[in-house]
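Participant: Pasting a structure here, questions to come.
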Amino acid sequence: MPKALKQLLRPVAWFGWIPLIVVVSSVFVVDIFLPTVLPHLGASLEEGLYYVSTVNCLILLPCMFFSYYHVTKIRRRVKAHDFSLCLNCGYPLKGLVTHGHCPECGSSYEADNVRQSWVQWLGPVNCN
Ligand SMILES: [Zn+2]
């Protein structure tokens with residue numbers, strides 16, 4: 001994976017941990033917390049499960065939306081630069097010579113390899 005893509009995906013990578021934390025904490029809540037607390041509240045297990053599911057959806061749906069939005073934004077940016085962003089730093093290389101060094105970070109590049117790498121990692125970009 002290009003280093004530039006890793007940097008661009010960093011905010012989404014953090015959001016990837018949230019579903020794991022939600023699922024693990026839900027197991028804890030359903031197995032231990034609900035059977036202990038619900039009888040004192042006079043609520044049934046079904047009501048408890050309903051509230052846990054609702055909270056999970058309220059947490060997970062924004063995470064999914066943000067991840068989709070962020071990845072779409074990255075794909076649009078890469079497409080706007082004709083898949084010619086430096087693999088190391090993300091600097092736009094479009095319009096520069098086909099072989100050379102990135103003016104921003106100094107890493108060497110070959111335009112065809114750069115384009116091929118971005119297409120390989122992002123797939124065919126059909127976003128508008
Ligand atoms: Zn660079």
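Going by the structure tokens order, chains are called A, B, ..., each with residues numbered from 1, while ligands are numbered from 1 in the order shown.
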Identify, counting only C-alpha atoms and all ligand atoms, the protein, DNA and RNA residues located within 12 Å of ligand 1, and give them as a ChimeraX atom specification.

Facilitator: /A:2-5,84-93,100-110,114

Participant: Would you put the residues from that selection into a file with N, CA and C atoms, as a compact mmCIF listing (two decimals), in the first residue's frame?

Facilitator:
```txt
# COMPACT_ATOMS: atom_id res chain seq x y z
N PRO A 2 0.59 2.20 -0.88
CA PRO A 2 1.40 3.43 -0.89
C PRO A 2 1.34 4.14 0.47
N LYS A 3 2.51 4.67 0.86
CA LYS A 3 2.59 5.38 2.14
C LYS A 3 1.61 6.56 2.18
N ALA A 4 1.46 7.22 1.03
CA ALA A 4 0.52 8.36 0.95
C ALA A 4 -0.91 7.91 1.24
N LEU A 5 -1.28 6.72 0.73
CA LEU A 5 -2.63 6.22 0.97
C LEU A 5 -2.83 5.87 2.45
N SER A 84 -2.08 10.30 -10.37
CA SER A 84 -0.66 10.68 -10.42
C SER A 84 -0.25 11.42 -9.16
N LEU A 85 -0.48 10.83 -8.01
CA LEU A 85 -0.01 11.40 -6.75
C LEU A 85 1.20 10.61 -6.29
N CYS A 86 2.18 11.32 -5.74
CA CYS A 86 3.38 10.65 -5.24
C CYS A 86 2.97 9.55 -4.26
N LEU A 87 3.57 8.37 -4.43
CA LEU A 87 3.22 7.24 -3.57
C LEU A 87 3.72 7.43 -2.15
N ASN A 88 4.71 8.30 -1.99
CA ASN A 88 5.28 8.51 -0.66
C ASN A 88 4.58 9.62 0.12
N CYS A 89 4.28 10.74 -0.56
CA CYS A 89 3.74 11.89 0.18
C CYS A 89 2.40 12.39 -0.34
N GLY A 90 1.95 11.93 -1.51
CA GLY A 90 0.67 12.36 -2.05
C GLY A 90 0.75 13.64 -2.87
N TYR A 91 1.94 14.13 -3.15
CA TYR A 91 2.08 15.34 -3.96
C TYR A 91 1.63 15.06 -5.39
N PRO A 92 0.86 15.98 -6.01
CA PRO A 92 0.41 15.76 -7.39
C PRO A 92 1.58 15.79 -8.38
N LEU A 93 1.71 14.73 -9.15
CA LEU A 93 2.82 14.61 -10.11
C LEU A 93 2.35 14.86 -11.54
N GLY A 100 11.32 10.60 -12.60
CA GLY A 100 12.02 11.66 -11.88
C GLY A 100 11.88 11.52 -10.38
N HIS A 101 12.08 12.64 -9.72
CA HIS A 101 11.97 12.68 -8.27
C HIS A 101 10.86 13.64 -7.87
N CYS A 102 10.13 13.26 -6.86
CA CYS A 102 9.03 14.09 -6.37
C CYS A 102 9.59 15.43 -5.87
N PRO A 103 9.01 16.55 -6.31
CA PRO A 103 9.51 17.85 -5.84
C PRO A 103 9.26 18.07 -4.34
N GLU A 104 8.32 17.35 -3.77
CA GLU A 104 7.99 17.55 -2.36
C GLU A 104 8.87 16.73 -1.42
N CYS A 105 8.99 15.40 -1.70
CA CYS A 105 9.72 14.53 -0.77
C CYS A 105 11.01 13.96 -1.35
N GLY A 106 11.22 14.09 -2.67
CA GLY A 106 12.46 13.63 -3.28
C GLY A 106 12.49 12.16 -3.64
N SER A 107 11.42 11.40 -3.39
CA SER A 107 11.43 9.99 -3.74
C SER A 107 11.28 9.85 -5.26
N SER A 108 11.95 8.83 -5.81
CA SER A 108 11.89 8.64 -7.26
C SER A 108 10.54 8.05 -7.64
N TYR A 109 10.12 8.33 -8.85
CA TYR A 109 8.84 7.81 -9.32
C TYR A 109 8.92 7.55 -10.81
N GLU A 110 8.03 6.68 -11.24
CA GLU A 110 7.80 6.44 -12.66
C GLU A 110 6.29 6.54 -12.84
N VAL A 114 3.25 4.66 -10.76
CA VAL A 114 2.45 5.42 -9.81
C VAL A 114 0.97 5.23 -10.11
```

Participant: For range 79-82 of chain A, please output as a VMD selection string all residues within 9 Å (counting only C-alpha atoms; exclusion window: fewer than 3 positions along the same chain).

Facilitator: chain A and resid 74 to 76 85 92 to 94 115 125 127

Participant: With only C-alpha atoms as the basis for distance, which of A:Val71, A:Leu8, A:Val22, A:Leu41 is at the shortest distance from Val55 in chain A?

Facilitator: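 Answer, going by the shortest atom-to-atom distance: A:Val22.
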
Participant: DSSP on the backbone, alpha helix (DSSP H) only: what residues of chain A does that give? Format it as a ChimeraX atom specification.

Facilitator: /A:3-28,34-41,45-80,111-122

Participant: Env of range 25-30 of chain A: 12 Å cut, atoms = only C-alpha atoms, seq-sep filter 6 positions within chain, self excluded. Answer as a count of residues only.

Facilitator: 19
